[in-house]
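Student: Questions regarding the structure given below will be posed in turn.
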Amino acid sequence: MPAQIISGIETAKSIREELAIEIADLKTRHGLVPGLVTILVGEDPASQSYVAAKNKTAHALGIHSEQVTLPAETSEAELLAIVGEYNANSAIHGILVQLPLPRHIDEAKVLFAIAPQKDVDGFHPVNVGKMMLGQQCYLPCTPHGILELLQRSGVETSGAEVVVVGRSNIVGKPIANLMLQKRAGGNATVTVCHTRTKDMDFHTRRADILIVAAGVPKMIKGNQVKPGAVVIDVGVNRIGQAENGKAVLAGDVDFQDVVDKVSAITPVPGGVGPMTITMLMKNTVQAARQAAGMI
Ligand code: GUN
């Protein structure tokens with residue numbers, strides 16, 4: 001049977017439709033407009049395009065969005081001061097500082113400075129701690145998007161062997177944690193592989209659900225996956241430029257090599273990417289509701 005192509009575009013579209021209705025309702029019935037600020041430091045092209053997409057989506061859904069673009073030389077103190085201003089700005093419910101930051105800025109310090117109730121990325125240690133404990137919090141957007149994709153595609157996670165490749169704070173560590181939690185969409189047996197893993201293939205070939213977030217283009221080949229597995233490809237690697245100037249993207253999974261072996265797979269682009277942005281919107285709406293005392 002041909003593999004099911006898990007479309008992040010379609011899933012994101014239906015969640016966005018739900019959100020647009022919710023946002024319109026908040027506005028008309030409660031006079032509440034969710035507000036998001038994105039803060040970008042420097043000129044990394046990938047970060048620029050992510051931030052532009054986040055603001056475009058926010059705008060399309062009726063979220064008030066502000067974009068702060070700062071030069072790469074911005075000092076840590078200047079950035080912390082801007083975060084402080086938005087912490088105190090009642091029209092803004094969500095603050096997103098795009099990562100990575102230039103090297104001279106301490107990322108941990110900046111993330112810690114964001115008010116936890118406005119941390120729609122779910123990167124503040126308070127939210128990370130709550131997530132670990134299974135408490136109500138903002139879930140980080142990419143892992144949250146993966147959970148939604150799996151759930152809405154009818155993939156059974158309970159008792160499944162989940163193998164995560166990559167141990168970043170943004171994807172690998174949180175998705176591993178979420179998948180082992182004792183609740184619907186979790187209850188998996190989780191293994192995390194990384195650059196020091198001795199025999200990666202041994203692990204990936206055992207995976208019922210393989211989640212790859214390593215940042216290495218096309219690293220996972222057909223002989224590294226179990227027949228019938230579900231593969232979630234989180235990689236967004238720029239491997240060239242098309243004639244029209246657009247970046248050519250590749251995932252961390254060699255799609256062509258893997259697609260005939262698996263039962264379901266996310267494409268790149270059009271898989272996890274659109275879900276990340278959608279979950280950011282969802283968290284922003286949640287932040288606005290919380291600020292208004294509605295949750
Ligand atoms: N850089 C790559 N992914 C993300 C993300 O989800 N949030 C932020 N703030 N930066 C990122």
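Chain labels A, B, ... are given in the sequence in which chains occur in the structure tokens; within each chain residues are numbered consecutively from 1, and ligands are likewise numbered from 1 in the order shown.
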Output the neighbourhood of ligand 1 as a count of residues only, that is, all protein and nucleic acid residues with some atom at most 10 Å from the ligand, counting only C-alpha atoms and all ligand atoms.
Tutor: 33
Student: Write out as a ChimeraX atom specification which residues come within 8 Å of segment 52-55 of chain A when counting only C-alpha atoms, dropping same-chain ones fewer than 3 positions away.
Tutor: /A:38,48-49,58-59,65-67,277
Student: Return as JSON, numbers by chain the full set of residues in segment 11-65 of chain A whose backbone-based DSSP assignment is helix (DSSP H, G or I).
Tutor: {"A": [11, 12, 13, 14, 15, 16, 17, 18, 19, 20, 21, 22, 23, 24, 25, 26, 27, 28, 29, 30, 45, 46, 47, 48, 49, 50, 51, 52, 53, 54, 55, 56, 57, 58, 59, 60, 61]}
Student: Show which residues sit within 12 Å of Gly186 of chain A, as a ChimeraX atom specification. Count only C-alpha atoms, and ignore same-chain residues fewer than 4 positions away.
Tutor: /A:134,143-144,146-148,150-151,155-162,175-182,190,209
Student: Please produce a file of those selected residues containing C-alpha atoms, as a compact mmCIF listing (two decimals), in the first residue's frame.
Tutor:
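Full text of result-v5.txt as output:
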```
# COMPACT_ATOMS: atom_id res chain seq x y z
CA GLY A 134 2.64 17.23 32.63
CA PRO A 143 6.67 19.32 19.28
CA HIS A 144 3.06 20.44 19.81
CA ILE A 146 3.98 16.92 15.81
CA LEU A 147 1.56 15.69 18.49
CA GLU A 148 -1.36 17.23 16.61
CA LEU A 150 0.05 12.26 14.82
CA GLN A 151 -3.26 12.53 16.61
CA VAL A 155 -1.46 7.28 14.60
CA GLU A 156 -1.54 5.17 17.78
CA THR A 157 1.23 6.25 20.15
CA SER A 158 0.35 4.16 23.19
CA GLY A 159 2.91 1.39 23.56
CA ALA A 160 4.66 2.43 20.34
CA GLU A 161 8.44 2.40 20.02
CA VAL A 162 9.25 6.04 19.31
CA ILE A 175 9.06 15.78 21.86
CA ALA A 176 10.72 12.86 23.63
CA ASN A 177 9.26 14.06 26.89
CA LEU A 178 5.77 14.66 25.51
CA MET A 179 5.60 11.26 23.86
CA LEU A 180 6.35 9.42 27.07
CA GLN A 181 3.77 11.25 29.16
CA LYS A 182 0.93 9.27 30.65
CA VAL A 190 10.95 6.58 23.79
CA ILE A 209 7.34 6.14 14.92
```
Student: Could you please write out, as a ChimeraX atom specification, every residue of segment 59-190 of chain A that DSSP assigns to strand (DSSP E)?
Tutor: /A:64-70,94-97,161-165,189-190
Student: Write a file of the just-selected residues containing N, CA and C atoms, as a compact mmCIF listing (two decimals), in the first residue's frame.
Tutor:
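again-v2.txt, freshly written:
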```txt
# COMPACT_ATOMS: atom_id res chain seq x y z
N HIS A 64 -3.31 40.62 16.34
CA HIS A 64 -2.49 41.83 16.21
C HIS A 64 -1.03 41.41 16.29
N SER A 65 -0.26 41.70 15.26
CA SER A 65 1.14 41.25 15.32
C SER A 65 2.09 42.41 15.06
N GLU A 66 3.14 42.43 15.86
CA GLU A 66 4.19 43.44 15.70
C GLU A 66 5.48 42.69 15.44
N GLN A 67 6.31 43.30 14.57
CA GLN A 67 7.59 42.67 14.26
C GLN A 67 8.70 43.64 14.62
N VAL A 68 9.61 43.20 15.47
CA VAL A 68 10.77 44.02 15.81
C VAL A 68 11.98 43.40 15.13
N THR A 69 12.63 44.18 14.27
CA THR A 69 13.81 43.67 13.56
C THR A 69 15.01 44.48 14.02
N LEU A 70 15.99 43.80 14.56
CA LEU A 70 17.15 44.48 15.16
C LEU A 70 18.43 44.07 14.44
N GLY A 94 1.76 37.55 23.58
CA GLY A 94 2.79 36.56 23.29
C GLY A 94 4.06 37.22 22.78
N ILE A 95 5.20 36.77 23.30
CA ILE A 95 6.50 37.32 22.86
C ILE A 95 7.33 36.18 22.30
N LEU A 96 7.81 36.36 21.08
CA LEU A 96 8.66 35.34 20.47
C LEU A 96 9.98 35.96 20.05
N VAL A 97 11.06 35.48 20.63
CA VAL A 97 12.40 35.89 20.19
C VAL A 97 12.92 34.78 19.30
N GLU A 161 7.01 2.10 19.89
CA GLU A 161 8.44 2.40 20.02
C GLU A 161 8.68 3.68 19.24
N VAL A 162 8.96 4.76 19.96
CA VAL A 162 9.25 6.04 19.31
C VAL A 162 10.75 6.28 19.38
N VAL A 163 11.35 6.56 18.26
CA VAL A 163 12.78 6.92 18.25
C VAL A 163 12.90 8.35 17.73
N VAL A 164 13.54 9.19 18.55
CA VAL A 164 13.77 10.58 18.18
C VAL A 164 15.25 10.71 17.81
N VAL A 165 15.52 11.29 16.67
CA VAL A 165 16.92 11.55 16.29
C VAL A 165 17.16 13.05 16.45
N THR A 189 7.12 4.29 24.27
CA THR A 189 8.45 3.94 24.78
C THR A 189 9.44 4.71 23.93
N VAL A 190 10.19 5.59 24.56
CA VAL A 190 10.95 6.58 23.79
C VAL A 190 12.46 6.37 23.89
```
Student: From the list A:Pro274, A:Gly35, A:Gly240, A:Pro45, which residue is nearest His93 of chain A when using only C-alpha atoms?
Tutor: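 For His93 of chain A, the nearest of the given residues is A:Gly35.
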Student: For Val258 of chain A, which of A:Ile92, A:Arg196, A:Ile82, A:Ile5 is the closest residue, counting only C-alpha atoms?
Tutor: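 Going through A:Ile92, A:Arg196, A:Ile82, A:Ile5 one by one, the smallest distance to Val258 of chain A is for A:Ile5.
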Student: Can you list, as a PyMOL selection string, every protein, DNA or RNA residue that comes within 10 Å of His30 of chain A when you count only C-alpha atoms, leaving out same-chain residues fewer than 5 positions away?
Tutor: chain A and resi 24-25+292
Student: Select, from A:Cys137, A:Val248, A:Ile63, A:Leu36, the residue with the minimum atom-to-atom distance to Ile295 of chain A, counting only C-alpha atoms.
Tutor: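 Among the listed residues, the smallest separation from Ile295 of chain A belongs to A:Cys137.
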Student: Mind pulling up the distance from atom CA of Arg183 of chain A to atom CA of Gly270 of chain A?
Tutor: 27.7 Å
Student: At what distance in Å, to one decimal, does atom CA of Lys56 of chain A lie from atom CA of Lys246 of chain A?
Tutor: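 If I compute the distance from atom CA of Lys246 of chain A to atom CA of Lys56 of chain A, I get 17.7 Å.
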Student: Which residues, written as a list in words, have at least one atom at most 8 Å from segment 231-235 of chain A, with only C-alpha atoms counted and residues fewer than 2 positions away on the same chain left out?
Tutor: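 Residues near the query, excluding close chain neighbours: Ile146, Ile209, Leu210, Ile211, Val212, Ala213, Ala214, Gly215, Val216, Pro217, Ala229, Asn237, Ala250, Gly251, Asp252, Val253, Val262, Ala264, Ile265, Thr266, Pro267, Val268, Gly271, Val272 and Gly273 of chain A.
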Student: I need the chosen residues saved as an mmCIF file, in the first residue's frame, with N, CA, C and O atoms.
Tutor:
```
data_model
loop_
_atom_site.group_PDB
_atom_site.id
_atom_site.type_symbol
_atom_site.label_atom_id
_atom_site.label_comp_id
_atom_site.auth_asym_id
_atom_site.auth_seq_id
_atom_site.Cartn_x
_atom_site.Cartn_y
_atom_site.Cartn_z
ATOM 1 N N ILE A 146 3.788 18.347 16.098
ATOM 2 C CA ILE A 146 3.979 16.916 15.806
ATOM 3 C C ILE A 146 2.898 16.088 16.507
ATOM 4 O O ILE A 146 2.304 15.183 15.907
ATOM 5 N N ILE A 209 7.468 4.732 15.301
ATOM 6 C CA ILE A 209 7.344 6.141 14.925
ATOM 7 C C ILE A 209 8.748 6.739 15.001
ATOM 8 O O ILE A 209 9.382 6.716 16.068
ATOM 9 N N LEU A 210 9.236 7.227 13.886
ATOM 10 C CA LEU A 210 10.591 7.788 13.835
ATOM 11 C C LEU A 210 10.476 9.297 13.631
ATOM 12 O O LEU A 210 9.876 9.752 12.658
ATOM 13 N N ILE A 211 11.032 10.050 14.570
ATOM 14 C CA ILE A 211 10.959 11.518 14.508
ATOM 15 C C ILE A 211 12.378 12.039 14.333
ATOM 16 O O ILE A 211 13.242 11.788 15.180
ATOM 17 N N VAL A 212 12.622 12.715 13.224
ATOM 18 C CA VAL A 212 13.997 13.100 12.912
ATOM 19 C C VAL A 212 14.135 14.622 12.937
ATOM 20 O O VAL A 212 13.488 15.340 12.171
ATOM 21 N N ALA A 213 14.975 15.106 13.840
ATOM 22 C CA ALA A 213 15.215 16.547 13.987
ATOM 23 C C ALA A 213 16.702 16.745 14.243
ATOM 24 O O ALA A 213 17.127 17.141 15.324
ATOM 25 N N ALA A 214 17.486 16.415 13.220
ATOM 26 C CA ALA A 214 18.940 16.425 13.382
ATOM 27 C C ALA A 214 19.609 17.565 12.622
ATOM 28 O O ALA A 214 20.751 17.922 12.902
ATOM 29 N N GLY A 215 18.900 18.124 11.652
ATOM 30 C CA GLY A 215 19.481 19.231 10.875
ATOM 31 C C GLY A 215 20.516 18.777 9.860
ATOM 32 O O GLY A 215 21.386 19.543 9.466
ATOM 33 N N VAL A 216 20.398 17.527 9.424
ATOM 34 C CA VAL A 216 21.335 17.004 8.413
ATOM 35 C C VAL A 216 20.507 16.549 7.205
ATOM 36 O O VAL A 216 19.705 15.619 7.312
ATOM 37 N N PRO A 217 20.676 17.209 6.036
ATOM 38 C CA PRO A 217 19.796 16.893 4.912
ATOM 39 C C PRO A 217 19.866 15.428 4.481
ATOM 40 O O PRO A 217 20.953 14.873 4.338
ATOM 41 N N ALA A 229 6.722 1.795 9.219
ATOM 42 C CA ALA A 229 6.870 2.830 10.252
ATOM 43 C C ALA A 229 6.180 4.126 9.840
ATOM 44 O O ALA A 229 5.875 4.345 8.663
ATOM 45 N N ASN A 237 16.208 21.970 5.669
ATOM 46 C CA ASN A 237 17.578 22.304 5.283
ATOM 47 C C ASN A 237 17.566 22.989 3.925
ATOM 48 O O ASN A 237 16.931 22.518 2.990
ATOM 49 N N ALA A 250 15.291 20.612 1.799
ATOM 50 C CA ALA A 250 15.275 19.145 1.959
ATOM 51 C C ALA A 250 15.096 18.840 3.432
ATOM 52 O O ALA A 250 15.564 19.588 4.304
ATOM 53 N N GLY A 251 14.421 17.743 3.713
ATOM 54 C CA GLY A 251 14.254 17.313 5.089
ATOM 55 C C GLY A 251 15.487 16.558 5.580
ATOM 56 O O GLY A 251 16.490 16.443 4.868
ATOM 57 N N ASP A 252 15.386 16.032 6.780
ATOM 58 C CA ASP A 252 16.452 15.183 7.333
ATOM 59 C C ASP A 252 16.287 13.741 6.850
ATOM 60 O O ASP A 252 17.143 12.894 7.097
ATOM 61 N N VAL A 253 15.142 13.479 6.197
ATOM 62 C CA VAL A 253 14.856 12.135 5.700
ATOM 63 C C VAL A 253 14.928 12.160 4.173
ATOM 64 O O VAL A 253 14.421 13.090 3.540
ATOM 65 N N VAL A 262 7.443 2.918 4.148
ATOM 66 C CA VAL A 262 6.769 3.317 5.385
ATOM 67 C C VAL A 262 5.253 3.348 5.206
ATOM 68 O O VAL A 262 4.753 3.297 4.081
ATOM 69 N N ALA A 264 3.397 5.883 6.679
ATOM 70 C CA ALA A 264 3.031 7.301 6.634
ATOM 71 C C ALA A 264 4.285 8.143 6.813
ATOM 72 O O ALA A 264 5.217 7.747 7.528
ATOM 73 N N ILE A 265 4.292 9.313 6.191
ATOM 74 C CA ILE A 265 5.475 10.180 6.254
ATOM 75 C C ILE A 265 5.059 11.630 6.035
ATOM 76 O O ILE A 265 4.110 11.907 5.296
ATOM 77 N N THR A 266 5.768 12.537 6.703
ATOM 78 C CA THR A 266 5.524 13.965 6.461
ATOM 79 C C THR A 266 6.486 14.457 5.382
ATOM 80 O O THR A 266 7.663 14.131 5.406
ATOM 81 N N PRO A 267 5.999 15.254 4.432
ATOM 82 C CA PRO A 267 6.887 15.795 3.402
ATOM 83 C C PRO A 267 7.618 17.051 3.904
ATOM 84 O O PRO A 267 7.233 17.637 4.905
ATOM 85 N N VAL A 268 8.657 17.435 3.198
ATOM 86 C CA VAL A 268 9.327 18.728 3.429
ATOM 87 C C VAL A 268 9.504 19.395 2.068
ATOM 88 O O VAL A 268 10.123 18.800 1.180
ATOM 89 N N GLY A 271 5.110 19.681 5.713
ATOM 90 C CA GLY A 271 4.843 18.702 6.775
ATOM 91 C C GLY A 271 4.746 19.398 8.120
ATOM 92 O O GLY A 271 3.739 20.055 8.423
ATOM 93 N N VAL A 272 5.820 19.286 8.876
ATOM 94 C CA VAL A 272 5.812 19.834 10.240
ATOM 95 C C VAL A 272 5.814 21.368 10.239
ATOM 96 O O VAL A 272 5.205 21.997 11.103
ATOM 97 N N GLY A 273 6.490 21.984 9.254
ATOM 98 C CA GLY A 273 6.659 23.447 9.221
ATOM 99 C C GLY A 273 5.372 24.237 9.444
ATOM 100 O O GLY A 273 5.308 25.062 10.364
#
```
